[in-house]
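K.L.:
Got a structure for you, entry-v9.pdb, holding PDB, C-alpha atoms.
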ATOM      1  CA  MET W   1     -68.074 100.684  48.256
ATOM      2  CA  LYS W   2     -68.005  99.707  44.623
ATOM      3  CA  VAL W   3     -65.910  96.556  44.341
ATOM      4  CA  LEU W   4     -64.755  94.682  41.259
ATOM      5  CA  VAL W   5     -64.677  90.925  41.828
ATOM      6  CA  THR W   6     -62.902  89.088  39.026
ATOM      7  CA  GLY W   7     -63.759  85.427  38.600
ATOM      8  CA  SER W   8     -67.192  86.047  40.086
ATOM      9  CA  ALA W   9     -68.621  82.868  38.546
ATOM     10  CA  GLY W  10     -65.836  80.849  40.142
ATOM     11  CA  PHE W  11     -65.954  79.040  43.452
ATOM     12  CA  ILE W  12     -64.303  81.599  45.739
ATOM     13  CA  GLY W  13     -65.326  84.562  43.589
ATOM     14  CA  PHE W  14     -69.014  83.659  43.842
ATOM     15  CA  HIS W  15     -68.884  83.335  47.631
ATOM     16  CA  THR W  16     -66.886  86.559  47.966
ATOM     17  CA  ALA W  17     -69.299  88.534  45.795
ATOM     18  CA  LYS W  18     -72.198  87.200  47.860
ATOM     19  CA  ALA W  19     -70.543  88.237  51.134
ATOM     20  CA  LEU W  20     -69.833  91.739  49.850
ATOM     21  CA  LEU W  21     -73.428  92.114  48.650
ATOM     22  CA  ASP W  22     -74.724  90.819  51.976
ATOM     23  CA  ARG W  23     -73.049  93.701  53.776
ATOM     24  CA  GLY W  24     -74.295  96.298  51.297
ATOM     25  CA  ASP W  25     -71.410  96.840  48.898
ATOM     26  CA  GLN W  26     -71.968  97.365  45.191
ATOM     27  CA  VAL W  27     -70.310  94.534  43.248
ATOM     28  CA  VAL W  28     -69.371  94.344  39.597
ATOM     29  CA  GLY W  29     -68.433  90.793  38.655
ATOM     30  CA  ILE W  30     -66.511  89.694  35.609
ATOM     31  CA  ASP W  31     -65.713  86.180  34.374
ATOM     32  CA  ASN W  32     -64.925  84.656  31.001
ATOM     33  CA  LEU W  33     -67.000  81.507  31.747
ATOM     34  CA  ASN W  34     -64.376  79.260  30.178
ATOM     35  CA  ASP W  35     -64.834  75.510  29.895
ATOM     36  CA  TYR W  36     -62.011  74.416  32.214
ATOM     37  CA  TYR W  37     -64.861  72.746  34.088
ATOM     38  CA  ASP W  38     -68.642  72.529  33.752
ATOM     39  CA  VAL W  39     -69.881  75.930  32.558
ATOM     40  CA  SER W  40     -73.401  75.182  33.794
ATOM     41  CA  LEU W  41     -72.091  75.172  37.373
ATOM     42  CA  LYS W  42     -70.562  78.601  36.824
ATOM     43  CA  LYS W  43     -73.835  79.886  35.401
ATOM     44  CA  ALA W  44     -75.748  78.415  38.331
ATOM     45  CA  ARG W  45     -73.508  80.301  40.743
ATOM     46  CA  LEU W  46     -74.106  83.507  38.785
ATOM     47  CA  ALA W  47     -77.830  82.900  38.913
ATOM     48  CA  GLN W  48     -77.596  83.134  42.709
ATOM     49  CA  LEU W  49     -76.132  86.639  42.350
ATOM     50  CA  GLU W  50     -77.977  88.101  39.387
ATOM     51  CA  GLY W  51     -81.044  90.070  40.298
ATOM     52  CA  ARG W  52     -79.641  90.993  43.683
ATOM     53  CA  ASN W  53     -79.567  94.686  44.487
ATOM     54  CA  GLY W  54     -76.114  96.097  43.817
ATOM     55  CA  PHE W  55     -74.807  93.317  41.558
ATOM     56  CA  SER W  56     -73.970  93.537  37.887
ATOM     57  CA  PHE W  57     -72.120  91.021  35.722
ATOM     58  CA  ILE W  58     -70.042  91.457  32.596
ATOM     59  CA  LYS W  59     -68.691  88.519  30.633
ATOM     60  CA  MET W  60     -65.078  89.437  30.071
ATOM     61  CA  ASP W  61     -61.656  87.828  29.942
ATOM     62  CA  ILE W  62     -58.996  89.530  32.046
ATOM     63  CA  ALA W  63     -56.622  89.015  29.115
ATOM     64  CA  ASP W  64     -58.796  91.534  27.196
ATOM     65  CA  ARG W  65     -56.619  94.571  27.724
ATOM     66  CA  SER W  66     -58.776  97.183  26.002
ATOM     67  CA  GLY W  67     -61.967  95.807  27.526
ATOM     68  CA  LEU W  68     -60.521  96.058  31.031
ATOM     69  CA  GLU W  69     -59.209  99.547  30.368
ATOM     70  CA  ASP W  70     -62.722 100.663  29.423
ATOM     71  CA  LEU W  71     -64.288  98.876  32.397
ATOM     72  CA  PHE W  72     -61.984 100.501  34.943
ATOM     73  CA  ARG W  73     -62.381 103.911  33.338
ATOM     74  CA  GLN W  74     -66.178 103.709  33.318
ATOM     75  CA  GLU W  75     -66.852 102.096  36.692
ATOM     76  CA  LYS W  76     -64.334 103.861  38.960
ATOM     77  CA  PHE W  77     -63.969 101.027  41.455
ATOM     78  CA  ASP W  78     -63.046 101.782  45.035
ATOM     79  CA  LYS W  79     -61.421  98.390  45.571
ATOM     80  CA  VAL W  80     -60.647  95.267  43.557
ATOM     81  CA  VAL W  81     -60.729  91.617  44.599
ATOM     82  CA  HIS W  82     -58.853  89.710  41.921
ATOM     83  CA  LEU W  83     -59.722  86.008  41.992
ATOM     84  CA  ALA W  84     -59.836  85.198  38.270
ATOM     85  CA  ALA W  85     -57.045  82.871  37.186
ATOM     86  CA  GLN W  86     -56.370  79.656  35.399
ATOM     87  CA  ALA W  87     -56.371  77.237  38.312
ATOM     88  CA  GLY W  88     -55.029  73.734  38.684
ATOM     89  CA  VAL W  89     -51.554  72.349  39.263
ATOM     90  CA  ARG W  90     -51.953  69.291  37.036
ATOM     91  CA  TYR W  91     -53.582  71.146  34.150
ATOM     92  CA  SER W  92     -50.585  73.474  34.028
ATOM     93  CA  ILE W  93     -48.301  70.550  33.154
ATOM     94  CA  ASP W  94     -49.837  70.222  29.679
ATOM     95  CA  HIS W  95     -51.425  73.644  29.073
ATOM     96  CA  PRO W  96     -48.733  76.187  29.998
ATOM     97  CA  HIS W  97     -49.774  78.961  27.615
ATOM     98  CA  THR W  98     -53.206  79.190  29.214
ATOM     99  CA  TYR W  99     -51.505  80.144  32.480
ATOM    100  CA  ALA W 100     -49.356  82.790  30.816
ATOM    101  CA  ASP W 101     -52.396  84.413  29.202
ATOM    102  CA  SER W 102     -54.572  84.519  32.302
ATOM    103  CA  ASN W 103     -52.242  84.544  35.289
ATOM    104  CA  LEU W 104     -49.508  86.775  33.867
ATOM    105  CA  SER W 105     -50.933  88.982  31.095
ATOM    106  CA  GLY W 106     -54.344  89.079  32.757
ATOM    107  CA  PHE W 107     -52.885  90.070  36.103
ATOM    108  CA  LEU W 108     -50.824  92.807  34.473
ATOM    109  CA  ASN W 109     -54.034  94.211  32.994
ATOM    110  CA  ILE W 110     -55.619  94.269  36.457
ATOM    111  CA  LEU W 111     -52.599  96.045  37.934
ATOM    112  CA  GLU W 112     -52.688  98.641  35.165
ATOM    113  CA  GLY W 113     -56.415  99.195  35.668
ATOM    114  CA  CYS W 114     -55.880  99.792  39.383
ATOM    115  CA  ARG W 115     -52.874 102.041  38.799
ATOM    116  CA  HIS W 116     -54.565 104.376  36.348
ATOM    117  CA  ASN W 117     -57.931 104.655  38.105
ATOM    118  CA  ASP W 118     -57.101 105.439  41.726
ATOM    119  CA  VAL W 119     -58.137 102.078  43.168
ATOM    120  CA  GLN W 120     -57.726 102.251  46.950
ATOM    121  CA  HIS W 121     -56.733  98.603  47.488
ATOM    122  CA  LEU W 122     -56.115  95.504  45.379
ATOM    123  CA  VAL W 123     -56.573  92.149  47.110
ATOM    124  CA  PHE W 124     -55.451  89.260  44.921
ATOM    125  CA  ALA W 125     -55.348  85.474  45.075
ATOM    126  CA  SER W 126     -52.011  83.791  45.418
ATOM    127  CA  SER W 127     -51.647  80.136  46.405
ATOM    128  CA  SER W 128     -49.941  77.731  48.786
ATOM    129  CA  SER W 129     -48.438  76.293  45.591
ATOM    130  CA  VAL W 130     -45.785  79.027  45.699
ATOM    131  CA  TYR W 131     -44.060  77.108  48.511
ATOM    132  CA  GLY W 132     -43.179  74.343  46.046
ATOM    133  CA  ALA W 133     -40.119  72.446  47.230
ATOM    134  CA  ASN W 134     -40.148  74.044  50.708
ATOM    135  CA  THR W 135     -40.428  71.451  53.487
ATOM    136  CA  ALA W 136     -40.231  73.491  56.743
ATOM    137  CA  GLN W 137     -43.676  73.319  58.325
ATOM    138  CA  PRO W 138     -45.828  75.236  58.841
ATOM    139  CA  PHE W 139     -45.292  77.313  55.708
ATOM    140  CA  SER W 140     -44.563  80.901  56.711
ATOM    141  CA  ILE W 141     -44.945  84.051  54.627
ATOM    142  CA  HIS W 142     -41.589  85.105  56.053
ATOM    143  CA  GLN W 143     -39.840  82.149  54.370
ATOM    144  CA  SER W 144     -38.312  82.416  50.936
ATOM    145  CA  ALA W 145     -40.576  80.741  48.370
ATOM    146  CA  ASP W 146     -38.417  80.595  45.275
ATOM    147  CA  HIS W 147     -38.648  76.956  44.222
ATOM    148  CA  PRO W 148     -42.114  76.292  42.736
ATOM    149  CA  VAL W 149     -42.669  72.788  41.362
ATOM    150  CA  SER W 150     -45.498  73.630  38.944
ATOM    151  CA  LEU W 151     -46.017  76.376  36.393
ATOM    152  CA  TYR W 152     -49.227  77.275  38.219
ATOM    153  CA  GLY W 153     -47.202  77.910  41.387
ATOM    154  CA  ALA W 154     -44.638  79.880  39.398
ATOM    155  CA  THR W 155     -47.323  82.179  37.953
ATOM    156  CA  LYS W 156     -48.714  82.841  41.422
ATOM    157  CA  LYS W 157     -45.247  83.710  42.705
ATOM    158  CA  ALA W 158     -44.850  85.987  39.692
ATOM    159  CA  ASN W 159     -48.112  87.719  40.639
ATOM    160  CA  GLU W 160     -46.692  88.515  44.066
ATOM    161  CA  LEU W 161     -43.563  90.026  42.525
ATOM    162  CA  MET W 162     -45.536  92.020  39.963
ATOM    163  CA  ALA W 163     -47.842  93.341  42.687
ATOM    164  CA  HIS W 164     -44.887  94.440  44.796
ATOM    165  CA  THR W 165     -43.440  96.333  41.847
ATOM    166  CA  TYR W 166     -46.681  98.287  41.412
ATOM    167  CA  ALA W 167     -46.872  98.980  45.139
ATOM    168  CA  TYR W 168     -43.292 100.266  45.066
ATOM    169  CA  LEU W 169     -43.420 102.287  41.854
ATOM    170  CA  TYR W 170     -46.937 103.690  42.006
ATOM    171  CA  GLY W 171     -47.964 103.464  45.663
ATOM    172  CA  LEU W 172     -50.780 101.035  44.858
ATOM    173  CA  PRO W 173     -51.790  99.240  48.089
ATOM    174  CA  VAL W 174     -51.805  95.496  47.395
ATOM    175  CA  THR W 175     -52.488  92.442  49.542
ATOM    176  CA  GLY W 176     -51.772  88.914  48.318
ATOM    177  CA  LEU W 177     -53.504  85.936  49.910
ATOM    178  CA  ARG W 178     -51.969  82.486  49.648
ATOM    179  CA  PHE W 179     -55.027  80.200  49.691
ATOM    180  CA  PHE W 180     -54.707  76.712  51.166
ATOM    181  CA  THR W 181     -56.961  74.014  49.589
ATOM    182  CA  VAL W 182     -60.368  75.673  49.728
ATOM    183  CA  TYR W 183     -63.449  73.436  49.836
ATOM    184  CA  GLY W 184     -67.179  73.719  50.471
ATOM    185  CA  PRO W 185     -70.574  74.105  48.736
ATOM    186  CA  TRP W 186     -70.443  75.167  45.080
ATOM    187  CA  GLY W 187     -66.860  73.848  44.924
ATOM    188  CA  ARG W 188     -64.875  73.015  41.796
ATOM    189  CA  PRO W 189     -65.364  69.653  40.054
ATOM    190  CA  ASP W 190     -61.602  69.243  39.584
ATOM    191  CA  MET W 191     -60.957  69.266  43.343
ATOM    192  CA  ALA W 192     -60.586  66.118  45.429
ATOM    193  CA  LEU W 193     -63.732  66.496  47.557
ATOM    194  CA  PHE W 194     -65.952  66.885  44.487
ATOM    195  CA  LYS W 195     -64.338  63.971  42.636
ATOM    196  CA  PHE W 196     -64.410  61.660  45.646
ATOM    197  CA  THR W 197     -68.038  62.428  46.467
ATOM    198  CA  LYS W 198     -69.149  61.947  42.868
ATOM    199  CA  ASN W 199     -67.347  58.627  42.438
ATOM    200  CA  ILE W 200     -68.289  57.152  45.809
ATOM    201  CA  LEU W 201     -71.971  57.925  45.213
ATOM    202  CA  ALA W 202     -71.719  56.331  41.757
ATOM    203  CA  GLY W 203     -69.977  53.238  43.124
ATOM    204  CA  GLU W 204     -66.855  54.028  41.114
ATOM    205  CA  PRO W 205     -63.238  53.875  42.409
ATOM    206  CA  ILE W 206     -61.396  56.996  43.522
ATOM    207  CA  ASP W 207     -57.796  57.753  42.573
ATOM    208  CA  VAL W 208     -55.604  58.191  45.654
ATOM    209  CA  PHE W 209     -52.254  59.661  44.650
ATOM    210  CA  ASN W 210     -48.944  59.152  46.439
ATOM    211  CA  ASN W 211     -50.608  56.047  47.896
ATOM    212  CA  GLY W 212     -52.546  58.300  50.255
ATOM    213  CA  ASP W 213     -49.460  59.820  51.860
ATOM    214  CA  HIS W 214     -50.651  63.400  51.545
ATOM    215  CA  ALA W 215     -51.818  66.036  53.997
ATOM    216  CA  ARG W 216     -53.602  69.253  53.144
ATOM    217  CA  ASP W 217     -54.579  72.308  55.146
ATOM    218  CA  PHE W 218     -58.198  72.044  53.966
ATOM    219  CA  THR W 219     -59.918  75.399  54.535
ATOM    220  CA  TYR W 220     -63.684  75.887  54.437
ATOM    221  CA  VAL W 221     -64.876  78.493  51.962
ATOM    222  CA  ASP W 222     -66.806  80.600  54.495
ATOM    223  CA  ASP W 223     -63.660  80.977  56.583
ATOM    224  CA  ILE W 224     -61.695  81.946  53.477
ATOM    225  CA  VAL W 225     -64.264  84.546  52.431
ATOM    226  CA  GLU W 226     -64.384  86.118  55.876
ATOM    227  CA  GLY W 227     -60.628  86.587  55.648
ATOM    228  CA  VAL W 228     -60.825  88.013  52.137
ATOM    229  CA  VAL W 229     -63.465  90.576  53.105
ATOM    230  CA  ARG W 230     -61.538  91.596  56.219
ATOM    231  CA  CYS W 231     -58.463  92.111  54.056
ATOM    232  CA  VAL W 232     -60.428  94.290  51.627
ATOM    233  CA  ASP W 233     -61.103  96.653  54.536
ATOM    234  CA  HIS W 234     -57.557  96.421  55.948
ATOM    235  CA  VAL W 235     -55.669  98.459  53.361
ATOM    236  CA  ALA W 236     -52.041  97.397  52.986
ATOM    237  CA  GLU W 237     -49.437  99.758  54.429
ATOM    238  CA  ASP W 238     -45.675  99.985  54.283
ATOM    239  CA  ASN W 239     -43.536  98.385  56.980
ATOM    240  CA  PRO W 240     -41.333 101.164  58.411
ATOM    241  CA  GLY W 241     -39.035  98.561  59.969
ATOM    242  CA  TRP W 242     -38.348  96.708  56.720
ATOM    243  CA  ASP W 243     -34.634  96.039  56.281
ATOM    244  CA  GLY W 244     -33.129  95.543  52.835
ATOM    245  CA  ASP W 245     -30.162  93.739  54.379
ATOM    246  CA  LYS W 246     -32.542  91.125  55.781
ATOM    247  CA  PRO W 247     -35.515  91.400  53.431
ATOM    248  CA  ASP W 248     -38.834  90.078  54.731
ATOM    249  CA  PRO W 249     -40.758  88.557  51.779
ATOM    250  CA  ALA W 250     -44.135  89.358  53.359
ATOM    251  CA  THR W 251     -43.781  93.131  53.770
ATOM    252  CA  SER W 252     -41.972  96.062  52.211
ATOM    253  CA  THR W 253     -41.201  99.751  52.318
ATOM    254  CA  ALA W 254     -44.108  99.879  49.848
ATOM    255  CA  PRO W 255     -47.803  99.350  50.760
ATOM    256  CA  TYR W 256     -47.568  95.588  50.257
ATOM    257  CA  ARG W 257     -48.633  92.602  52.341
ATOM    258  CA  LEU W 258     -48.668  88.847  51.885
ATOM    259  CA  TYR W 259     -50.676  86.482  54.069
ATOM    260  CA  ASN W 260     -51.333  82.783  54.307
ATOM    261  CA  ILE W 261     -55.042  82.085  54.577
ATOM    262  CA  GLY W 262     -55.680  78.542  55.717
ATOM    263  CA  ASN W 263     -57.110  76.421  58.482
ATOM    264  CA  ASN W 264     -53.788  75.958  60.332
ATOM    265  CA  ASN W 265     -54.651  72.278  60.779
ATOM    266  CA  PRO W 266     -53.498  69.837  58.069
ATOM    267  CA  VAL W 267     -55.565  66.681  57.567
ATOM    268  CA  ARG W 268     -54.171  63.402  56.256
ATOM    269  CA  LEU W 269     -55.706  62.467  52.922
ATOM    270  CA  MET W 270     -56.876  59.077  54.221
ATOM    271  CA  ASP W 271     -58.616  60.793  57.155
ATOM    272  CA  PHE W 272     -60.236  63.205  54.701
ATOM    273  CA  ILE W 273     -61.519  60.275  52.644
ATOM    274  CA  GLY W 274     -62.701  58.590  55.832
ATOM    275  CA  ALA W 275     -64.772  61.656  56.738
ATOM    276  CA  ILE W 276     -66.407  61.596  53.293
ATOM    277  CA  GLU W 277     -67.151  57.878  53.643
ATOM    278  CA  LYS W 278     -68.679  58.452  57.080
ATOM    279  CA  THR W 279     -70.925  61.248  55.859
ATOM    280  CA  LEU W 280     -72.047  59.296  52.785
ATOM    281  CA  GLY W 281     -72.391  55.997  54.648
ATOM    282  CA  LYS W 282     -70.410  54.304  51.871
ATOM    283  CA  THR W 283     -66.908  52.874  51.625
ATOM    284  CA  ALA W 284     -64.794  54.014  48.705
ATOM    285  CA  GLU W 285     -63.031  51.627  46.379
ATOM    286  CA  LYS W 286     -59.542  53.096  46.322
ATOM    287  CA  ASN W 287     -57.150  53.069  43.392
ATOM    288  CA  PHE W 288     -53.727  53.814  44.914
ATOM    289  CA  LEU W 289     -51.370  55.589  42.527
ATOM    290  CA  PRO W 290     -47.902  57.202  42.583
ATOM    291  CA  LYS W 291     -47.359  60.886  43.312
ATOM    292  CA  GLN W 292     -48.395  63.209  40.499
ATOM    293  CA  PRO W 293     -45.945  65.664  38.886
ATOM    294  CA  GLY W 294     -46.226  69.079  40.511
ATOM    295  CA  ASP W 295     -47.803  67.786  43.723
ATOM    296  CA  VAL W 296     -46.379  68.491  47.168
ATOM    297  CA  THR W 297     -46.702  66.043  50.048
ATOM    298  CA  GLU W 298     -48.024  68.376  52.731
ATOM    299  CA  THR W 299     -49.370  71.894  53.173
ATOM    300  CA  PHE W 300     -49.720  73.627  56.530
ATOM    301  CA  ALA W 301     -50.394  77.356  56.874
ATOM    302  CA  ASP W 302     -48.828  79.583  59.495
ATOM    303  CA  ILE W 303     -51.590  82.182  59.854
ATOM    304  CA  ASP W 304     -50.189  84.168  62.785
ATOM    305  CA  ASP W 305     -49.834  87.399  60.788
ATOM    306  CA  LEU W 306     -53.386  87.239  59.463
ATOM    307  CA  VAL W 307     -54.705  86.568  62.973
ATOM    308  CA  ALA W 308     -52.716  89.500  64.385
ATOM    309  CA  ASP W 309     -53.547  91.993  61.628
ATOM    310  CA  ILE W 310     -57.226  91.324  60.889
ATOM    311  CA  GLY W 311     -58.421  88.947  63.613
ATOM    312  CA  TYR W 312     -58.802  86.012  61.223
ATOM    313  CA  ARG W 313     -60.028  82.845  62.956
ATOM    314  CA  PRO W 314     -61.097  79.795  60.924
ATOM    315  CA  LYS W 315     -64.060  78.154  62.631
ATOM    316  CA  THR W 316     -65.215  75.219  60.490
ATOM    317  CA  GLY W 317     -63.976  71.714  61.241
ATOM    318  CA  ILE W 318     -63.439  69.175  58.495
ATOM    319  CA  GLU W 319     -66.446  66.980  59.312
ATOM    320  CA  ASP W 320     -68.852  69.921  59.367
ATOM    321  CA  GLY W 321     -67.361  71.337  56.172
ATOM    322  CA  ILE W 322     -67.570  68.024  54.335
ATOM    323  CA  GLY W 323     -71.115  67.550  55.577
ATOM    324  CA  ASN W 324     -72.123  70.950  54.227
ATOM    325  CA  PHE W 325     -70.547  70.211  50.859
ATOM    326  CA  ILE W 326     -72.226  66.812  50.525
ATOM    327  CA  ALA W 327     -75.610  68.267  51.491
ATOM    328  CA  TRP W 328     -75.177  70.892  48.753
ATOM    329  CA  TYR W 329     -73.962  68.288  46.238
ATOM    330  CA  LYS W 330     -76.961  66.021  46.807
ATOM    331  CA  SER W 331     -79.353  68.940  46.515
ATOM    332  CA  TYR W 332     -77.720  70.463  43.431
ATOM    333  CA  TYR W 333     -77.455  67.161  41.553
ATOM    334  CA  ASP W 334     -80.754  65.824  42.902
ATOM    335  CA  VAL W 335     -79.138  62.743  44.435
ATOM    336  CA  LYS W 336     -81.773  60.477  45.966
ATOM    337  CA  ALA W 337     -81.497  59.676  49.658
ATOM    338  CA  ASP W 338     -80.692  55.996  49.046
ATOM    339  CA  ALA W 339     -77.961  56.727  46.450
TER     340      ALA W 339
END
Would you mind writing the structure in this file as structure tokens?
P.N.:
Amino acid sequence: MKVLVTGSAGFIGFHTAKALLDRGDQVVGIDNLNDYYDVSLKKARLAQLEGRNGFSFIKMDIADRSGLEDLFRQEKFDKVVHLAAQAGVRYSIDHPHTYADSNLSGFLNILEGCRHNDVQHLVFASSSSVYGANTAQPFSIHQSADHPVSLYGATKKANELMAHTYAYLYGLPVTGLRFFTVYGPWGRPDMALFKFTKNILAGEPIDVFNNGDHARDFTYVDDIVEGVVRCVDHVAEDNPGWDGDKPDPATSTAPYRLYNIGNNNPVRLMDFIGAIEKTLGKTAEKNFLPKQPGDVTETFADIDDLVADIGYRPKTGIEDGIGNFIAWYKSYYDVKADA
């Protein structure tokens, strides 16, 4: 297949493009290489893909409407994996317009490109952040998720609604994946594992928000990517049993599906930090702080539908995943063994 992967220089986008290439698909990657975090890391990821048979890269912003129109028209993609977005809950507190440009206007451009060019399936990134003020655990795709507590979460919920509209009006098969705290090699510098590892190795304190009373359904990137690729192949279909009197948020009379994609095993933040300390052989100096605006206390993914529909089974435990990340970090940043 020819697959467009947006955000291909990003953490999940890079790993997804690699997996698709590994199985023989042709991949066109786009990314705007913005400076939300270290651009050199994004370029280093791209360097792992460039030169591989079947991969081509175009620097492009998904907010570039005419550029995307031309790209879709010229390339005739079979399927699209849309992972480009402005990420980050905390960043959205002070930079709201960035999220409107990328996550709303940009997503609309992707939907239009798919609609007008006979794309067979659009798989797009949503987020556990859509659950917002929900407290019933584990989070289920069959729950209402109408109370986001960050603009980032609100834009991801909006993406789901926009995608459903296109599935309903134009018959575009769409699958939305609510990612739960993805981590692993080549991860983002704004994420907790990266920050904690960097600071502990440097002998600097780490900020522990909500006084450590957090839990996250940390999900290893290889497990995430396996689920994404399986979903690419499992084209969304309508649910003939859908009932408008009792509407199920996860399905529709249109070819539309939502799934949680997580590890189904939340880890307490202090246990997560303990696993990093154990792997590094160093104890962190901890700076305990109040809860941050936009944060939720716990995430926990109900993945039963994804297991039933595509056979998704996360395999990587937290200690192995953290070990793999730290091994990559030390290699990438040339950290000496005694650091």
K.L.:
How close does stretch 170-204 of chain W get to stretch 317-328 of chain W? List, as JSON lines, each residue of stretch 170-204 of chain W within 8 Å, its nearest atom pair and the distance in Å to one decimal, counting all atoms listed in the file.
P.N.:
{"residue": "W:Tyr183", "atom": "CA", "partner": "W:Gly321", "partner_atom": "CA", "distance": 7.7}
{"residue": "W:Gly184", "atom": "CA", "partner": "W:Phe325", "partner_atom": "CA", "distance": 4.9}
{"residue": "W:Pro185", "atom": "CA", "partner": "W:Phe325", "partner_atom": "CA", "distance": 4.4}
{"residue": "W:Trp186", "atom": "CA", "partner": "W:Trp328", "partner_atom": "CA", "distance": 7.4}
{"residue": "W:Gly187", "atom": "CA", "partner": "W:Phe325", "partner_atom": "CA", "distance": 7.9}
{"residue": "W:Leu193", "atom": "CA", "partner": "W:Ile322", "partner_atom": "CA", "distance": 7.9}
{"residue": "W:Thr197", "atom": "CA", "partner": "W:Ile326", "partner_atom": "CA", "distance": 7.3}
K.L.:
Which residues, written as a list in words, have at least one atom at most 9 Å from W:Val27, with all atoms listed in the file counted and residues fewer than 2 positions away on the same chain left out?
P.N.:
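In the requested format, the answer is Met1, Lys2, Val3, Leu4, Val5, Ala17, Lys18, Leu20, Leu21, Asp25, Gly29, Gly54, Phe55, Ser56 and Phe57 of chain W.
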K.L.:
Which residues, written as a VMD selection string, have at least one atom at most 8 Å from W:Val229, with only C-alpha atoms counted and residues fewer than 2 positions away on the same chain left out?
P.N.:
chain W and resid 16 19 to 20 225 to 227 231 to 233
K.L.:
Kindly extract all protein, DNA and RNA residues lying within 10 Å of the coordinates (-54.2, 81.1, 35.4) given in the file, considering all atoms listed in the file, and supply them as a list in words.
P.N.:
Leu83, Ala84, Ala85, Gln86, Ala87, Gly88, Val89, Ser92, Pro96, His97, Thr98, Tyr99, Ala100, Asp101, Ser102, Asn103, Leu104, Ser105, Gly106, Phe107, Leu151, Tyr152, Gly153, Thr155 and Lys156 of chain W
K.L.:
Using only C-alpha atoms for the distances, tell me which of W:Thr219, W:Gln137, W:Thr279, W:Thr251 is nearest to W:Phe300.
P.N.:
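For W:Phe300, the nearest of the given residues is W:Gln137.
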K.L.:
Could you work out how far atom CA of W:Gly274 lies from atom CA of W:Leu177, giving the answer in Å with one decimal?
P.N.:
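So the answer is 29.5 Å.
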K.L.:
Starting from the point (-46.5, 74.0, 44.3), work out which residues of protein, DNA or RNA have an atom no more than 8 Å away when counting only C-alpha atoms; state them as a list of chain:residue names.
P.N.:
W:Val89, W:Ser128, W:Ser129, W:Val130, W:Tyr131, W:Gly132, W:Ala133, W:Pro148, W:Val149, W:Ser150, W:Tyr152, W:Gly153, W:Ala154, W:Gly294, W:Asp295, W:Val296
K.L.:
So, counting all atoms listed in the file, which residue among W:His214, W:His121, W:Glu69, W:His142 is closest to W:Ser252?
P.N.:
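Going through W:His214, W:His121, W:Glu69, W:His142 one by one, the smallest distance to W:Ser252 is for W:His142.
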K.L.:
Which residues are near W:His116? Cut-off 10 Å, all atoms listed in the file, ignore same chain within fewer than 4 positions. Put them as a count of residues only.
P.N.:
7
K.L.:
Run the PyMOL selection byres ((chain W and resi 79) around 6) against the file shown and list the residues it catches, as number ranges by chain.
P.N.:
W: 3, 77-78, 80, 119-121
